[in-house]
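One structure below.
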6 protein chains.
Amino acid sequence: MHSHPPNHEHIDDQMIKMEVNLDNIPGEWLGYVMDLLFEAGANDVFYTPIYMKKNRPAILLQLLCSLENVPKMKEILFKETTTLGVRYYPLTVHRLERVFTQADTEWGPITVKEGILNGQVVQRSPEYEECKSIAQHHDVPLKKVYEQVWKALDNKK
Amino acid sequence: MHSHPPNHEHIDDQMIKMEVNLDNIPGEWLGYVMDLLFEAGANDVFYTPIYMKKNRPAILLQLLCSLENVPKMKEILFKETTTLGVRYYPLTVHRLERVFTQADTEWGPITVKEGILNGQVVQRSPEYEECKSIAQHHDVPLKKVYEQVWKALDNKK
Amino acid sequence: MHSHPPNHEHIDDQMIKMEVNLDNIPGEWLGYVMDLLFEAGANDVFYTPIYMKKNRPAILLQLLCSLENVPKMKEILFKETTTLGVRYYPLTVHRLERVFTQADTEWGPITVKEGILNGQVVQRSPEYEECKSIAQHHDVPLKKVYEQVWKALDNKK
Amino acid sequence: MHSHPPNHEHIDDQMIKMEVNLDNIPGEWLGYVMDLLFEAGANDVFYTPIYMKKNRPAILLQLLCSLENVPKMKEILFKETTTLGVRYYPLTVHRLERVFTQADTEWGPITVKEGILNGQVVQRSPEYEECKSIAQHHDVPLKKVYEQVWKALDNKK
Amino acid sequence: MHSHPPNHEHIDDQMIKMEVNLDNIPGEWLGYVMDLLFEAGANDVFYTPIYMKKNRPAILLQLLCSLENVPKMKEILFKETTTLGVRYYPLTVHRLERVFTQADTEWGPITVKEGILNGQVVQRSPEYEECKSIAQHHDVPLKKVYEQVWKALDNKK
Amino acid sequence: MHSHPPNHEHIDDQMIKMEVNLDNIPGEWLGYVMDLLFEAGANDVFYTPIYMKKNRPAILLQLLCSLENVPKMKEILFKETTTLGVRYYPLTVHRLERVFTQADTEWGPITVKEGILNGQVVQRSPEYEECKSIAQHHDVPLKKVYEQVWKALDNKK
């Protein structure tokens with residue numbers, strides 16, 4: 001299950017970033033590990049290319065999770081990767097208020113996630129999965145779907 | 001001067017890609033080298049992070065240029081970087097027809113570059129420098145400027 | 001459909017590498033483009049981080065395809081990405097003979113792809129999707145599945 | 001305006017590192033965002049290529065700023081990028097004493113920034129903008145300008 | 001000398017991560033700096049490619065060390081790199097219990113490092129230097145050596 | 001043995017670039033593979049981080065070699081890495097004339113490799129291994145050694 005931060009604007013100071021350096025694991029395993037971490041409630045997981053000693057191209061795995069998910073994340077990292085140690089530190093996250101609206105396209109409505117800062121809409125992000133699904137079912141380029149969403153949105157905001 | 005490919009759709013098989021591996025040059029020089037290469041007519045210049053022997057983080061410089069610009073590119077690379085060798089090979093480029101239209105925003109018109117494939121508009125790209133200039137002079141977020149351009153464009157295309 | 005190179009060891013000099021530099025496309029579209037290119041028959045598609053002019057972090061899209069798939073690849077790149085040009089050049093590929101064997105694990109048999117050079121087995125690669133499926137259904141770490149495959153394989157080869 | 005740390009050697013424990021993961025913003029906007037962040041007082045801004053879920057090549061934006069600049073940085077990040085959340089954490093910076101000297105070249109004097117650790121000069125860095133300006137106006141390779149600066153410096157230090 | 005964390009499973013909250021951004025140092029120096037940092041007791045040192053202002057490809061040097069090694073790390077970073085500032089922050093490391101076993105191959109025994117979580121073996125890592133040495137002296141591919149180690153290990157664990 | 005290009009300025013059109021995408025090999029093996037390729041006569045070997053399908057962080061291995069070394073390179077790549085195919089294409093290399101001079105430092109002479117373009121010295125590169133050896137034996141920062149080399153060189157060139 002995913003941990004769900006609240007939708008109103010807030011400061012969350014219960015977040016943790018975990019990091020692992022990986023120089024002895026095949027890349028094909030890491031796509032799988034990413035899925036497991038998300039399923040276990042990671043808020044985000046991402047990979048950065050790094051160079052380690054002895055001319056080793058390697059990967060820095062970083063994830064963000066809430067304090068209560070730390071044990072689950074550690075267990076996955078220790079069981080599914082090849083690391084002998086996991087490091088982590090706390091950080092603060094400032095999240096915008098999230099509101100969901102709709103944009104009407106010739107292929108039907110698409111959800112748009114709005115980010116609100118002090119009552120002002122500063123972000124508008126069409127839901128990728130909905131746009132992708134329309135692009136596939138109507139056989140149109142994904143970017144055309146996004147273009148229609150932008151067209152449909154009210155610029156006065 | 002820049003080499004200017006024609007605006008109609010065409011296949012250009014007189015292009016060259018040049019490459020240099022750089023492990024003994026400070027990064028701050030490379031921003032300068034990029035400018036010189038563009039001024040001398042490179043069609044594109046870009047850097048890729050690579051790892052070389054002896055644990056050296058390094059940079060792969062790649063550039064695209066027309067055959068007649070090869071000597072100028074070589075001279076800049078040899079004089080301004082630290083390499084003792086430059087490698088290159090020919091490639092083919094398929095370019096779309098380019099047409100310039102306008103989108104009207106509340107801050108004035110903005111040029112939009114269209115890419116045309118077999119007579120069909122497949123690309124529409126607002127000119128970055130114009131959007132940036134409007135964002136700066138009217139103190140609005142750059143993304144709001146792009147949003148208005150998308151709003152103004154005719155989706156029927 | 002995927003283009004299928006033959007399973008015997010051979011030299012293929014009908015391969016093409018295509019490249020596109022992308023500095024004005026959101027990353028979330030690129031995962032979708034990769035899927036489309038594979039579905040249309042690309043032999044491989046991969047992204048490299050590059051730095052372009054004006055401090056733009058960007059992506060170099062590279063793909064490998066057979067000569068007859070070039071038009072399909074171009075069409076996807078022009079319609080689904082934001083590029084105005086696609087570059088490409090021919091290359092040669094030396095492919096090993098491929099043979100499929102099985103390894104028996106406590107969770108059932110797993111296909112292992114062998115690569116053969118001059119009649120000698122030089123590569124043995126367990127099928128990722130089968131290992132992943134077993135890991136999920138039996139709730140065991142993926143690396144444990146691979147360990148059992150290695151255990152089951154005949155080292156005399 | 002830039003925040004100016006003092007020139008004497010000191011430990012600054014009022015610094016903040018902010019981070020944002022960006023997978024739905026075009027690279028060309030990010031060069032502009034970097035400029036805005038520096039103008040607003042960021043001590044440093046840099047991009048790291050990362051890979052996010054769903055095969056998305058993405059960018060990790062990191063910046064360093066003083067505690068009092070956090071609100072300004074957040075506002076720019078929320079208004080100019082596409083993020084719905086900004087994360088940050090405190091760190092400590094140990095800065096060297098900075099002293100400015102001059103090196104005389106055939107094209108005139110160039111400022112050299114010295115870094116002093118416990119009264120000993122451990123860093124000497126010619127001012128890039130001055131070297132670049134001389135290289136341009138006298139049409140000499142940038143590296144020749146640096147070479148003359150090194151030549152002019154007193155090695156006894 | 002290396003700092004040696006204990007072999008039993010433990011949480012270490014006395015670790016420090018140090019970071020330096022480097023845009024004016026040749027890559028060939030950085031391989032040397034890495035060696036010096038390890039010799040002085042760094043627990044890990046790694047490089048990440050970053051992009052800094054003015055189109056500079058650059059390197060983020062990160063290292064992990066114990067609190068008591070901070071002064072030694074700073075001295076090396078200030079004397080051997082070109083930075084005027086070093087930043088750092090504390091983090092926590094959860095380390096597995098480490099146990100060393102042996103795997104018998106046709107070329108002799110090879111040490112395998114096991115990582116133990118709550119009494120369960122979750123990691124098994126053949127010692128790279130021993131595998132490499134066997135590969136070199138017996139002129140066999142390194143991967144064949146690893147394959148035999150996996151073959152020799154007891155899967156029941 | 002290394003292949004030795006001649007020291008006079010020349011155009012070499014007998015060079016080959018080989019490429020392999022690697023998503024199922026541990027990074028620690030790749031440092032070893034690099035050494036083997038250099039020992040077998042590769043002119044250069046370098047790694048680039050790439051992202052492949054299924055969220056796999058991976059590595060692009062690239063090497064440059066002369067035509068006659070292609071079979072040796074292929075054999076190492078097939079036996080030591082996990083690839084089932086190696087791709088390659090020809091390229092041209094323009095190499096500068098190489099001349100070796102000496103710079104006198106307080107710790108003794110250091111070889112400097114000069115690169116000559118049309119009879120003009122455009123590159124001067126102190127031999128890294130000699131500078132490193134002096135830095136180690138005299139316990140001075142590597143950059144101080146380079147500074148003295150620059151000091152000793154004749155800027156009139």
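Identifiers for the structure tokens are assigned positionally: chains receive A, B, ... in sequence, residues are indexed from 1 per chain, and ligands are indexed from 1 in the order shown.
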Residues of chain E within 8 Å of chain B, only C-alpha atoms counted, as number ranges by chain: E: 23-31, 47, 49, 54-59
Filtered DSSP result for chain D, state alpha helix (DSSP H), as a VMD selection string: chain D and resid 27 to 39 70 to 80 128 to 137 142 to 152
Keeping only N, CA and C atoms, write the selected residues to a file as a compact mmCIF listing (two decimals), in the first residue's frame.
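out-v5.txt, freshly written:
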```
# COMPACT_ATOMS: atom_id res chain seq x y z
N GLY D 27 13.63 20.06 -20.45
CA GLY D 27 14.96 20.50 -20.04
C GLY D 27 15.20 21.98 -20.31
N GLU D 28 14.62 22.51 -21.39
CA GLU D 28 14.91 23.91 -21.75
C GLU D 28 14.42 24.89 -20.69
N TRP D 29 13.39 24.48 -19.89
CA TRP D 29 12.94 25.37 -18.83
C TRP D 29 13.94 25.40 -17.67
N LEU D 30 14.69 24.32 -17.52
CA LEU D 30 15.54 24.20 -16.33
C LEU D 30 16.75 25.12 -16.34
N GLY D 31 17.23 25.44 -17.55
CA GLY D 31 18.32 26.42 -17.60
C GLY D 31 17.84 27.77 -17.09
N TYR D 32 16.59 28.09 -17.40
CA TYR D 32 16.00 29.36 -16.94
C TYR D 32 15.79 29.34 -15.43
N VAL D 33 15.30 28.23 -14.92
CA VAL D 33 15.07 28.11 -13.47
C VAL D 33 16.37 28.29 -12.70
N MET D 34 17.45 27.71 -13.22
CA MET D 34 18.74 27.85 -12.55
C MET D 34 19.11 29.33 -12.40
N ASP D 35 18.92 30.09 -13.48
CA ASP D 35 19.25 31.52 -13.41
C ASP D 35 18.43 32.23 -12.34
N LEU D 36 17.12 31.93 -12.30
CA LEU D 36 16.25 32.60 -11.33
C LEU D 36 16.68 32.28 -9.89
N LEU D 37 17.07 31.04 -9.67
CA LEU D 37 17.46 30.64 -8.31
C LEU D 37 18.74 31.35 -7.87
N PHE D 38 19.69 31.46 -8.80
CA PHE D 38 20.92 32.18 -8.46
C PHE D 38 20.61 33.66 -8.19
N GLU D 39 19.78 34.26 -9.05
CA GLU D 39 19.44 35.68 -8.87
C GLU D 39 18.75 35.91 -7.52
N VAL D 70 15.17 30.31 2.27
CA VAL D 70 14.31 29.15 1.98
C VAL D 70 12.97 29.55 1.37
N PRO D 71 12.28 30.52 1.94
CA PRO D 71 10.96 30.86 1.36
C PRO D 71 11.04 31.32 -0.10
N LYS D 72 12.08 32.13 -0.42
CA LYS D 72 12.21 32.59 -1.81
C LYS D 72 12.48 31.42 -2.76
N MET D 73 13.31 30.48 -2.30
CA MET D 73 13.63 29.32 -3.15
C MET D 73 12.38 28.48 -3.38
N LYS D 74 11.63 28.25 -2.32
CA LYS D 74 10.41 27.46 -2.45
C LYS D 74 9.46 28.09 -3.45
N GLU D 75 9.31 29.41 -3.37
CA GLU D 75 8.35 30.08 -4.25
C GLU D 75 8.75 29.90 -5.71
N ILE D 76 10.04 30.04 -6.00
CA ILE D 76 10.49 29.87 -7.39
C ILE D 76 10.28 28.42 -7.84
N LEU D 77 10.62 27.48 -6.97
CA LEU D 77 10.49 26.08 -7.36
C LEU D 77 9.04 25.70 -7.63
N PHE D 78 8.13 26.22 -6.78
CA PHE D 78 6.72 25.88 -6.99
C PHE D 78 6.13 26.59 -8.20
N LYS D 79 6.57 27.82 -8.44
CA LYS D 79 5.97 28.58 -9.55
C LYS D 79 6.60 28.26 -10.90
N GLU D 80 7.89 27.94 -10.91
CA GLU D 80 8.58 27.78 -12.19
C GLU D 80 8.82 26.33 -12.59
N TYR D 128 37.45 33.02 -13.63
CA TYR D 128 37.05 32.53 -14.96
C TYR D 128 36.60 33.65 -15.88
N GLU D 129 35.76 34.55 -15.39
CA GLU D 129 35.20 35.57 -16.28
C GLU D 129 36.29 36.49 -16.83
N GLU D 130 37.30 36.76 -16.01
CA GLU D 130 38.39 37.62 -16.49
C GLU D 130 39.23 36.89 -17.55
N CYS D 131 39.50 35.62 -17.29
CA CYS D 131 40.28 34.84 -18.25
C CYS D 131 39.52 34.71 -19.57
N LYS D 132 38.22 34.47 -19.46
CA LYS D 132 37.40 34.32 -20.65
C LYS D 132 37.39 35.62 -21.46
N SER D 133 37.24 36.74 -20.74
CA SER D 133 37.17 38.03 -21.43
C SER D 133 38.47 38.31 -22.18
N ILE D 134 39.60 37.97 -21.57
CA ILE D 134 40.90 38.18 -22.24
C ILE D 134 41.02 37.24 -23.44
N ALA D 135 40.58 35.99 -23.25
CA ALA D 135 40.67 35.03 -24.37
C ALA D 135 39.88 35.55 -25.57
N GLN D 136 38.70 36.12 -25.29
CA GLN D 136 37.86 36.60 -26.37
C GLN D 136 38.45 37.85 -27.04
N HIS D 137 38.86 38.81 -26.21
CA HIS D 137 39.32 40.07 -26.79
C HIS D 137 40.66 39.96 -27.49
N LEU D 142 41.65 29.92 -24.30
CA LEU D 142 41.45 30.13 -22.87
C LEU D 142 42.55 29.44 -22.06
N LYS D 143 42.97 28.26 -22.50
CA LYS D 143 43.96 27.54 -21.69
C LYS D 143 45.31 28.24 -21.69
N LYS D 144 45.61 29.00 -22.76
CA LYS D 144 46.86 29.77 -22.79
C LYS D 144 46.83 30.88 -21.72
N VAL D 145 45.64 31.45 -21.55
CA VAL D 145 45.50 32.50 -20.53
C VAL D 145 45.75 31.90 -19.15
N TYR D 146 45.13 30.74 -18.88
CA TYR D 146 45.37 30.09 -17.58
C TYR D 146 46.84 29.73 -17.41
N GLU D 147 47.46 29.26 -18.48
CA GLU D 147 48.89 28.88 -18.39
C GLU D 147 49.73 30.07 -17.95
N GLN D 148 49.41 31.25 -18.52
CA GLN D 148 50.21 32.43 -18.13
C GLN D 148 49.95 32.82 -16.69
N VAL D 149 48.71 32.63 -16.24
CA VAL D 149 48.43 32.93 -14.84
C VAL D 149 49.25 32.01 -13.93
N TRP D 150 49.27 30.71 -14.24
CA TRP D 150 50.06 29.79 -13.41
C TRP D 150 51.53 30.18 -13.44
N LYS D 151 51.96 30.61 -14.64
CA LYS D 151 53.37 31.02 -14.78
C LYS D 151 53.68 32.20 -13.86
N ALA D 152 52.70 33.12 -13.76
CA ALA D 152 52.95 34.36 -13.02
C ALA D 152 52.86 34.17 -11.51
```
Among the residues B:Ser66, B:Thr82, B:Thr92, B:Gln120, the one that comes closest to C:Met18 [using only C-alpha atoms]: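 Ranked by minimum distance to C:Met18, first place goes to B:Thr92.
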Those in stretch 66-119 of chain F with strand (DSSP E or B) from DSSP, as a PyMOL selection string: chain F and resi 66+85-95+97-105+108-117
Top pick for closest residue to C:Lys17, considering C:Tyr88, C:Gly108, C:Leu60, C:Leu67 and counting only C-alpha atoms: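 Smallest distance to C:Lys17 is found for C:Tyr88.
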